[in-house]
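With mmCIF, N, CA and C atoms inside, this is structure_34.cif:
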```
data_coords
loop_
_atom_site.label_atom_id
_atom_site.label_comp_id
_atom_site.auth_asym_id
_atom_site.auth_seq_id
_atom_site.Cartn_x
_atom_site.Cartn_y
_atom_site.Cartn_z
N GLN X 1 11.06 -3.54 -7.64
CA GLN X 1 11.31 -3.43 -6.21
C GLN X 1 11.67 -1.98 -5.88
N VAL X 2 11.15 -1.52 -4.75
CA VAL X 2 11.43 -0.16 -4.28
C VAL X 2 11.91 -0.26 -2.84
N GLN X 3 13.08 0.27 -2.58
CA GLN X 3 13.59 0.32 -1.21
C GLN X 3 13.59 1.77 -0.75
N LEU X 4 13.11 1.97 0.47
CA LEU X 4 12.97 3.31 1.01
C LEU X 4 13.80 3.42 2.28
N ILE X 5 14.56 4.49 2.39
CA ILE X 5 15.38 4.70 3.57
C ILE X 5 15.13 6.10 4.11
N GLU X 6 14.59 6.16 5.34
CA GLU X 6 14.33 7.45 5.97
C GLU X 6 15.55 7.93 6.75
N SER X 7 15.66 9.22 6.90
CA SER X 7 16.70 9.83 7.71
C SER X 7 16.20 11.17 8.22
N GLY X 8 16.93 11.71 9.18
CA GLY X 8 16.62 13.06 9.65
C GLY X 8 15.91 13.12 10.99
N GLY X 9 15.57 11.96 11.55
CA GLY X 9 14.94 11.97 12.86
C GLY X 9 15.92 12.38 13.95
N GLY X 10 15.38 12.61 15.13
CA GLY X 10 16.23 12.98 16.25
C GLY X 10 15.41 13.50 17.40
N VAL X 11 16.10 14.15 18.32
CA VAL X 11 15.47 14.73 19.50
C VAL X 11 15.43 16.24 19.33
N VAL X 12 14.26 16.82 19.57
CA VAL X 12 14.10 18.25 19.40
C VAL X 12 13.19 18.78 20.52
N LYS X 13 13.36 20.02 20.88
CA LYS X 13 12.54 20.64 21.92
C LYS X 13 11.18 21.05 21.34
N PRO X 14 10.18 21.14 22.18
CA PRO X 14 8.88 21.65 21.71
C PRO X 14 9.03 23.00 21.02
N GLY X 15 8.34 23.14 19.90
CA GLY X 15 8.46 24.35 19.10
C GLY X 15 9.55 24.28 18.05
N GLY X 16 10.36 23.24 18.12
CA GLY X 16 11.47 23.09 17.18
C GLY X 16 11.06 22.55 15.82
N THR X 17 12.06 22.37 14.96
CA THR X 17 11.82 21.89 13.61
C THR X 17 12.73 20.70 13.30
N LEU X 18 12.25 19.86 12.40
CA LEU X 18 13.04 18.77 11.83
C LEU X 18 12.63 18.60 10.38
N ARG X 19 13.56 18.12 9.59
CA ARG X 19 13.25 17.77 8.21
C ARG X 19 13.62 16.32 7.98
N LEU X 20 12.63 15.52 7.68
CA LEU X 20 12.86 14.12 7.37
C LEU X 20 13.04 13.95 5.87
N SER X 21 13.90 13.01 5.52
CA SER X 21 14.10 12.66 4.13
C SER X 21 13.84 11.17 3.95
N CYS X 22 13.41 10.82 2.76
CA CYS X 22 13.20 9.42 2.41
C CYS X 22 13.74 9.22 1.00
N ALA X 23 14.83 8.48 0.93
CA ALA X 23 15.47 8.23 -0.36
C ALA X 23 15.03 6.87 -0.90
N ALA X 24 14.66 6.87 -2.15
CA ALA X 24 14.20 5.63 -2.78
C ALA X 24 15.28 5.05 -3.68
N SER X 25 15.40 3.74 -3.58
CA SER X 25 16.27 2.99 -4.48
C SER X 25 15.37 2.06 -5.28
N LEU X 26 15.44 2.20 -6.62
CA LEU X 26 14.50 1.47 -7.45
C LEU X 26 15.21 0.49 -8.37
N SER X 27 14.55 -0.61 -8.62
CA SER X 27 15.10 -1.58 -9.55
C SER X 27 14.98 -1.04 -10.97
N ILE X 28 15.76 -1.64 -11.85
CA ILE X 28 15.82 -1.17 -13.25
C ILE X 28 14.41 -1.21 -13.85
N GLY X 29 14.09 -0.12 -14.53
CA GLY X 29 12.80 -0.05 -15.18
C GLY X 29 11.74 0.68 -14.38
N ARG X 30 12.03 0.92 -13.11
CA ARG X 30 11.07 1.65 -12.28
C ARG X 30 11.55 3.09 -12.11
N THR X 31 10.60 3.99 -12.11
CA THR X 31 10.94 5.39 -11.91
C THR X 31 10.20 5.93 -10.69
N PHE X 32 10.88 6.80 -9.98
CA PHE X 32 10.32 7.35 -8.75
C PHE X 32 9.01 8.08 -9.00
N GLY X 33 8.92 8.75 -10.12
CA GLY X 33 7.72 9.51 -10.46
C GLY X 33 6.50 8.65 -10.71
N ARG X 34 6.68 7.36 -10.74
CA ARG X 34 5.55 6.45 -10.91
C ARG X 34 4.78 6.27 -9.60
N TYR X 35 5.37 6.69 -8.50
CA TYR X 35 4.81 6.42 -7.19
C TYR X 35 4.36 7.68 -6.47
N ALA X 36 3.17 7.60 -5.92
CA ALA X 36 2.76 8.58 -4.92
C ALA X 36 3.45 8.20 -3.62
N MET X 37 3.75 9.19 -2.81
CA MET X 37 4.50 8.96 -1.59
C MET X 37 3.73 9.49 -0.38
N ALA X 38 4.01 8.89 0.75
CA ALA X 38 3.32 9.31 1.96
C ALA X 38 4.23 9.16 3.17
N TRP X 39 3.87 9.86 4.22
CA TRP X 39 4.48 9.69 5.53
C TRP X 39 3.40 9.23 6.50
N PHE X 40 3.77 8.24 7.29
CA PHE X 40 2.94 7.76 8.39
C PHE X 40 3.77 7.84 9.67
N ARG X 41 3.10 7.71 10.79
CA ARG X 41 3.84 7.64 12.05
C ARG X 41 3.16 6.65 12.99
N GLN X 42 3.97 6.15 13.90
CA GLN X 42 3.49 5.15 14.85
C GLN X 42 4.16 5.39 16.19
N VAL X 43 3.34 5.37 17.23
CA VAL X 43 3.86 5.49 18.59
C VAL X 43 4.10 4.09 19.13
N PRO X 44 5.33 3.72 19.43
CA PRO X 44 5.60 2.37 19.91
C PRO X 44 4.85 2.09 21.20
N GLY X 45 4.28 0.89 21.28
CA GLY X 45 3.56 0.51 22.48
C GLY X 45 2.18 1.07 22.61
N SER X 46 1.74 1.83 21.62
CA SER X 46 0.41 2.45 21.72
C SER X 46 -0.70 1.47 21.36
N GLY X 47 -0.33 0.40 20.67
CA GLY X 47 -1.34 -0.56 20.25
C GLY X 47 -2.04 -0.17 18.96
N SER X 48 -1.73 0.99 18.44
CA SER X 48 -2.34 1.41 17.18
C SER X 48 -1.34 1.17 16.06
N GLY X 49 -1.85 1.12 14.86
CA GLY X 49 -0.98 0.93 13.71
C GLY X 49 -0.38 2.25 13.28
N ARG X 50 0.10 2.24 12.08
CA ARG X 50 0.68 3.46 11.52
C ARG X 50 -0.43 4.42 11.13
N VAL X 51 -0.23 5.66 11.49
CA VAL X 51 -1.24 6.70 11.28
C VAL X 51 -0.77 7.63 10.17
N PHE X 52 -1.68 7.95 9.28
CA PHE X 52 -1.38 8.83 8.16
C PHE X 52 -0.97 10.22 8.64
N VAL X 53 0.07 10.75 8.00
CA VAL X 53 0.53 12.12 8.29
C VAL X 53 0.31 13.02 7.08
N ALA X 54 0.84 12.59 5.93
CA ALA X 54 0.74 13.41 4.72
C ALA X 54 1.04 12.55 3.51
N ASP X 55 0.54 12.98 2.35
CA ASP X 55 0.91 12.31 1.11
C ASP X 55 1.07 13.34 0.01
N ILE X 56 1.66 12.90 -1.09
CA ILE X 56 1.96 13.80 -2.19
C ILE X 56 1.79 13.04 -3.50
N THR X 57 1.32 13.75 -4.50
CA THR X 57 1.07 13.13 -5.80
C THR X 57 2.38 12.76 -6.49
N HIS X 58 2.25 12.03 -7.57
CA HIS X 58 3.41 11.50 -8.29
C HIS X 58 4.37 12.61 -8.73
N ASN X 59 3.82 13.72 -9.19
CA ASN X 59 4.69 14.79 -9.68
C ASN X 59 4.78 15.96 -8.70
N GLY X 60 4.18 15.81 -7.54
CA GLY X 60 4.31 16.82 -6.50
C GLY X 60 3.36 17.99 -6.60
N ASP X 61 2.37 17.90 -7.48
CA ASP X 61 1.48 19.04 -7.65
C ASP X 61 0.29 19.05 -6.70
N GLY X 62 0.23 18.06 -5.84
CA GLY X 62 -0.85 18.02 -4.86
C GLY X 62 -0.40 17.28 -3.62
N ALA X 63 -1.00 17.65 -2.49
CA ALA X 63 -0.65 17.01 -1.22
C ALA X 63 -1.86 17.08 -0.29
N SER X 64 -1.88 16.20 0.68
CA SER X 64 -2.90 16.26 1.71
C SER X 64 -2.27 15.94 3.06
N TYR X 65 -2.94 16.39 4.12
CA TYR X 65 -2.37 16.29 5.45
C TYR X 65 -3.42 15.83 6.46
N ALA X 66 -2.95 15.14 7.49
CA ALA X 66 -3.80 14.86 8.62
C ALA X 66 -4.13 16.17 9.31
N ASP X 67 -5.29 16.24 9.92
CA ASP X 67 -5.74 17.49 10.54
C ASP X 67 -4.78 17.98 11.61
N ASP X 68 -4.18 17.06 12.35
CA ASP X 68 -3.35 17.49 13.47
C ASP X 68 -1.96 17.98 13.07
N VAL X 69 -1.61 17.87 11.81
CA VAL X 69 -0.33 18.41 11.36
C VAL X 69 -0.49 19.53 10.33
N LYS X 70 -1.72 19.76 9.90
CA LYS X 70 -1.97 20.77 8.88
C LYS X 70 -1.51 22.13 9.37
N GLY X 71 -0.77 22.83 8.52
CA GLY X 71 -0.25 24.14 8.89
C GLY X 71 1.09 24.09 9.58
N ARG X 72 1.51 22.90 10.03
CA ARG X 72 2.81 22.76 10.70
C ARG X 72 3.78 21.92 9.87
N PHE X 73 3.28 20.91 9.19
CA PHE X 73 4.12 20.01 8.41
C PHE X 73 3.92 20.29 6.92
N SER X 74 4.98 20.02 6.15
CA SER X 74 4.90 20.20 4.71
C SER X 74 5.63 19.06 4.02
N ILE X 75 4.95 18.40 3.09
CA ILE X 75 5.56 17.32 2.32
C ILE X 75 5.97 17.84 0.96
N SER X 76 7.11 17.38 0.48
CA SER X 76 7.58 17.76 -0.86
C SER X 76 8.40 16.61 -1.42
N ARG X 77 8.72 16.70 -2.69
CA ARG X 77 9.52 15.65 -3.32
C ARG X 77 10.40 16.23 -4.40
N ASP X 78 11.49 15.53 -4.66
CA ASP X 78 12.40 15.88 -5.74
C ASP X 78 12.58 14.60 -6.56
N ASN X 79 11.88 14.52 -7.67
CA ASN X 79 11.93 13.28 -8.46
C ASN X 79 13.30 13.05 -9.10
N ALA X 80 14.04 14.12 -9.30
CA ALA X 80 15.38 13.95 -9.86
C ALA X 80 16.32 13.29 -8.85
N LYS X 81 16.01 13.44 -7.58
CA LYS X 81 16.83 12.86 -6.52
C LYS X 81 16.18 11.63 -5.89
N ASN X 82 15.03 11.23 -6.40
CA ASN X 82 14.33 10.06 -5.85
C ASN X 82 14.09 10.21 -4.35
N THR X 83 13.69 11.39 -3.94
CA THR X 83 13.58 11.68 -2.51
C THR X 83 12.29 12.43 -2.20
N VAL X 84 11.70 12.06 -1.07
CA VAL X 84 10.55 12.79 -0.55
C VAL X 84 10.93 13.32 0.83
N TYR X 85 10.38 14.48 1.16
CA TYR X 85 10.75 15.16 2.41
C TYR X 85 9.51 15.42 3.26
N LEU X 86 9.73 15.56 4.54
CA LEU X 86 8.70 16.03 5.45
C LEU X 86 9.30 17.11 6.34
N GLN X 87 8.92 18.35 6.07
CA GLN X 87 9.35 19.47 6.91
C GLN X 87 8.38 19.59 8.07
N MET X 88 8.90 19.50 9.27
CA MET X 88 8.06 19.54 10.47
C MET X 88 8.42 20.75 11.30
N ASN X 89 7.47 21.65 11.44
CA ASN X 89 7.66 22.88 12.22
C ASN X 89 6.75 22.85 13.45
N MET X 90 7.07 23.69 14.39
CA MET X 90 6.26 23.82 15.62
C MET X 90 5.97 22.45 16.22
N LEU X 91 7.00 21.67 16.38
CA LEU X 91 6.83 20.32 16.89
C LEU X 91 6.35 20.33 18.33
N ALA X 92 5.53 19.34 18.65
CA ALA X 92 4.96 19.21 19.99
C ALA X 92 5.24 17.79 20.50
N PRO X 93 5.17 17.60 21.81
CA PRO X 93 5.45 16.25 22.35
C PRO X 93 4.58 15.17 21.73
N GLU X 94 3.37 15.52 21.36
CA GLU X 94 2.49 14.50 20.76
C GLU X 94 2.90 14.10 19.35
N ASP X 95 3.89 14.78 18.79
CA ASP X 95 4.44 14.38 17.49
C ASP X 95 5.50 13.29 17.64
N THR X 96 5.86 12.97 18.87
CA THR X 96 6.84 11.92 19.11
C THR X 96 6.34 10.59 18.58
N ALA X 97 7.14 9.97 17.71
CA ALA X 97 6.73 8.73 17.06
C ALA X 97 7.86 8.25 16.17
N ILE X 98 7.68 7.06 15.64
CA ILE X 98 8.53 6.59 14.54
C ILE X 98 7.83 6.99 13.25
N TYR X 99 8.57 7.66 12.38
CA TYR X 99 8.02 8.14 11.12
C TYR X 99 8.47 7.24 9.98
N TYR X 100 7.51 6.84 9.17
CA TYR X 100 7.76 5.94 8.05
C TYR X 100 7.36 6.61 6.75
N CYS X 101 8.14 6.39 5.71
CA CYS X 101 7.66 6.79 4.39
C CYS X 101 7.17 5.55 3.66
N ALA X 102 6.29 5.77 2.72
CA ALA X 102 5.64 4.68 2.00
C ALA X 102 5.39 5.10 0.57
N ALA X 103 5.32 4.10 -0.31
CA ALA X 103 5.11 4.36 -1.73
C ALA X 103 3.96 3.52 -2.26
N SER X 104 3.23 4.12 -3.17
CA SER X 104 2.13 3.41 -3.82
C SER X 104 1.98 3.93 -5.24
N VAL X 105 1.53 3.09 -6.13
CA VAL X 105 1.30 3.55 -7.50
C VAL X 105 0.05 4.43 -7.57
N GLN X 106 -0.79 4.34 -6.55
CA GLN X 106 -2.01 5.14 -6.54
C GLN X 106 -1.94 6.20 -5.45
N TYR X 107 -2.39 7.36 -5.77
CA TYR X 107 -2.40 8.46 -4.79
C TYR X 107 -3.73 8.49 -4.05
N GLY X 108 -3.65 8.85 -2.78
CA GLY X 108 -4.86 9.22 -2.09
C GLY X 108 -5.32 8.34 -0.96
N SER X 109 -4.57 7.30 -0.61
CA SER X 109 -5.02 6.45 0.48
C SER X 109 -4.43 6.91 1.80
N PRO X 110 -5.26 7.11 2.81
CA PRO X 110 -4.74 7.45 4.14
C PRO X 110 -4.52 6.22 5.03
N PHE X 111 -4.55 5.03 4.42
CA PHE X 111 -4.45 3.80 5.18
C PHE X 111 -3.20 3.01 4.82
N GLU X 112 -2.68 2.29 5.82
CA GLU X 112 -1.49 1.48 5.59
C GLU X 112 -1.65 0.53 4.42
N ARG X 113 -2.82 -0.06 4.30
CA ARG X 113 -3.03 -1.10 3.29
C ARG X 113 -2.97 -0.54 1.87
N GLY X 114 -2.98 0.76 1.75
CA GLY X 114 -2.91 1.38 0.43
C GLY X 114 -1.50 1.51 -0.13
N TYR X 115 -0.51 1.06 0.63
CA TYR X 115 0.89 1.26 0.26
C TYR X 115 1.61 -0.06 0.14
N ASP X 116 2.46 -0.13 -0.88
CA ASP X 116 3.14 -1.37 -1.21
C ASP X 116 4.55 -1.45 -0.63
N TYR X 117 5.16 -0.32 -0.44
CA TYR X 117 6.55 -0.30 -0.01
C TYR X 117 6.70 0.63 1.18
N TRP X 118 7.56 0.20 2.12
CA TRP X 118 7.76 0.94 3.36
C TRP X 118 9.24 1.03 3.70
N GLY X 119 9.61 2.13 4.33
CA GLY X 119 10.94 2.24 4.89
C GLY X 119 10.99 1.62 6.27
N GLN X 120 12.16 1.70 6.89
CA GLN X 120 12.36 1.08 8.20
C GLN X 120 11.98 2.02 9.35
N GLY X 121 11.77 3.28 9.03
CA GLY X 121 11.34 4.25 10.04
C GLY X 121 12.49 5.04 10.63
N THR X 122 12.17 6.24 11.10
CA THR X 122 13.13 7.08 11.79
C THR X 122 12.43 7.68 13.01
N GLN X 123 13.12 7.66 14.14
CA GLN X 123 12.52 8.09 15.40
C GLN X 123 12.56 9.61 15.53
N VAL X 124 11.44 10.19 15.88
CA VAL X 124 11.35 11.61 16.21
C VAL X 124 10.88 11.72 17.65
N THR X 125 11.66 12.41 18.46
CA THR X 125 11.31 12.61 19.86
C THR X 125 11.27 14.10 20.14
N VAL X 126 10.13 14.56 20.65
CA VAL X 126 9.96 15.97 21.00
C VAL X 126 9.84 16.06 22.51
N SER X 127 10.85 16.63 23.13
CA SER X 127 10.90 16.65 24.58
C SER X 127 11.73 17.82 25.06
N SER X 128 11.29 18.42 26.17
CA SER X 128 12.07 19.50 26.75
C SER X 128 13.12 18.95 27.71
#
```
Could I get this structure in the form of structure tokens?
Amino acid sequence: QVQLIESGGGVVKPGGTLRLSCAASLSIGRTFGRYAMAWFRQVPGSGSGRVFVADITHNGDGASYADDVKGRFSISRDNAKNTVYLQMNMLAPEDTAIYYCAASVQYGSPFERGYDYWGQGTQVTVSS
């Protein structure tokens, strides 16, 4: 079992920065480094599902990003702390959403169905 808890969301002005964290709690015998990690986001009431933002390999040596966040967001992880991060710079109103972290034993899926474990989400609001 893997439990994920996001933190770091909040309200920020356009052009501002936020750093999201996702701490994993794992059952005995499971290690954080066994899982690729990802961030998704969802706009409440939009009618769309969770949209891929970024993912990172098991040991952090590779990452990929959605086109609309490339160059502004950066994903990283600290396996010693069982934590994955999302550094968000140059935030814009269209980045407003609930941000979720997710875990999968396989790296590389940009779709919700590719992930086995999800956090409860943290709200990010970008507004002047």
- Task: Please write as JSON, numbers by chain the full residue list that the PyMOL selection byres (((chain X and resi 81 and name CA) around 12) and name CA) yields on this file.
- Result: {"X": [21, 22, 23, 24, 25, 26, 31, 32, 33, 76, 77, 78, 79, 80, 82, 83, 84, 85]}
- Query: range 15-86 of chain X: which residues are strand (DSSP E or B) by DSSP, as a VMD selection string?
  - Reply: chain X and resid 18 to 26 36 to 42 51 to 56 63 to 65 73 to 78 83 to 86
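Counting all atoms listed in the file, the residue from X:Met90, X:Ser128, X:Ser74, X:Gln42 that sits nearest to Ala54 in chain X is X:Ser74.
Run against this file, the PyMOL selection byres ((chain X and resi 100) around 7) gives back Ala38, Trp39, Phe40, Arg41, Gln42, Ile98, Tyr99, Cys101, Ala102, Trp118, Gly119, Gln120, Gly121 and Thr122 of chain X.
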N, CA and C atoms of the current selection, written as a tab-separated table (two decimals), keeping the file's coordinate frame:
```tsv
chain	number	residue	atom	x	y	z
X	38	ALA	N	4.01	8.89	0.75
X	38	ALA	CA	3.32	9.31	1.96
X	38	ALA	C	4.23	9.16	3.17
X	39	TRP	N	3.87	9.86	4.22
X	39	TRP	CA	4.48	9.69	5.53
X	39	TRP	C	3.40	9.23	6.50
X	40	PHE	N	3.77	8.24	7.29
X	40	PHE	CA	2.94	7.76	8.39
X	40	PHE	C	3.77	7.84	9.67
X	41	ARG	N	3.10	7.71	10.79
X	41	ARG	CA	3.84	7.64	12.05
X	41	ARG	C	3.16	6.65	12.99
X	42	GLN	N	3.97	6.15	13.90
X	42	GLN	CA	3.49	5.15	14.85
X	42	GLN	C	4.16	5.39	16.19
X	98	ILE	N	7.68	7.06	15.64
X	98	ILE	CA	8.53	6.59	14.54
X	98	ILE	C	7.83	6.99	13.25
X	99	TYR	N	8.57	7.66	12.38
X	99	TYR	CA	8.02	8.14	11.12
X	99	TYR	C	8.47	7.24	9.98
X	101	CYS	N	8.14	6.39	5.71
X	101	CYS	CA	7.66	6.79	4.39
X	101	CYS	C	7.17	5.55	3.66
X	102	ALA	N	6.29	5.77	2.72
X	102	ALA	CA	5.64	4.68	2.00
X	102	ALA	C	5.39	5.10	0.57
X	118	TRP	N	7.56	0.20	2.12
X	118	TRP	CA	7.76	0.94	3.36
X	118	TRP	C	9.24	1.03	3.70
X	119	GLY	N	9.61	2.13	4.33
X	119	GLY	CA	10.94	2.24	4.89
X	119	GLY	C	10.99	1.62	6.27
X	120	GLN	N	12.16	1.70	6.89
X	120	GLN	CA	12.36	1.08	8.20
X	120	GLN	C	11.98	2.02	9.35
X	121	GLY	N	11.77	3.28	9.03
X	121	GLY	CA	11.34	4.25	10.04
X	121	GLY	C	12.49	5.04	10.63
X	122	THR	N	12.17	6.24	11.10
X	122	THR	CA	13.13	7.08	11.79
X	122	THR	C	12.43	7.68	13.01
```
Give, as lines of an AutoDock Vina configuration file, the centre coordinates and the x, y and z edge lengths in Å to one decimal for an axis-aligned box around all listed atoms of range 98-102 of chain X, padded by 5 Å on each side.
```
center_x = 7.0
center_y = 6.4
center_z = 8.1
size_x = 13.2
size_y = 13.5
size_z = 25.1
```
- Query: Written as a ChimeraX atom specification, what is the full residue list that the PyMOL selection byres (((chain X and resi 88 and name CA) around 9) and name CA) yields on the file shown?
  - Reply: /X:16-20,69,72-75,86-87,89-91
- Message: Could you check the closest approach to Ser7 in chain X for each of X:Thr96, X:Asn59, X:Ser109, X:Gln123 and tell me which residue wins, using all atoms listed in the file?
- Response: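 Nearest to Ser7 in chain X: X:Gln123.
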- Message: So that I can see what lies close to Pro110 in chain X, please list as a PyMOL selection string the residues with an atom at most 8 Å from it, counting all atoms listed in the file and leaving out residues fewer than 2 positions away in the same chain.
- Response: chain X and resi 50-55+107-108+112-115
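Between Asp95 in chain X and the residues X:Ser127, X:Gly60, X:Gly71, X:Ser48, the shortest atom-to-atom distance, using only C-alpha atoms, involves X:Ser127.
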- Query: Could you pull out all residues of chain X with a DSSP call of helix (DSSP H, G or I) and give them as JSON, numbers by chain?
  - Reply: {"X": [32, 33, 34, 93, 94, 95, 112, 113, 114]}
- Task: Would you work out the distance separating atom N of Asp61 in chain X from CA of Ala103 in chain X, expressed in Å to one decimal?
- Result: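 One can read the atom N of Asp61 in chain X to CA of Ala103 in chain X distance as 15.0 Å.
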- Enter the distance from CA of Lys13 in chain X to CA of Tyr65 in chain X, in Å, rounded to one decimal. 22.6 Å
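Rounded to one decimal, atom C of Ala92 in chain X and CA of Val11 in chain X lie 10.7 Å from each other.
Comparing the minimum interatomic distances between Ala63 in chain X and each of X:Ala36, X:Gly29, X:Val2, X:Val124, counting only C-alpha atoms, we find that X:Ala36 sits nearest.
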- Query: Nearest to Arg34 in chain X: which of X:Gly49, X:Tyr117, X:Ile5, X:Thr57 is it, counting all atoms listed in the file?
  - Reply: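 Going through X:Gly49, X:Tyr117, X:Ile5, X:Thr57 one by one, the smallest distance to Arg34 in chain X is for X:Thr57.
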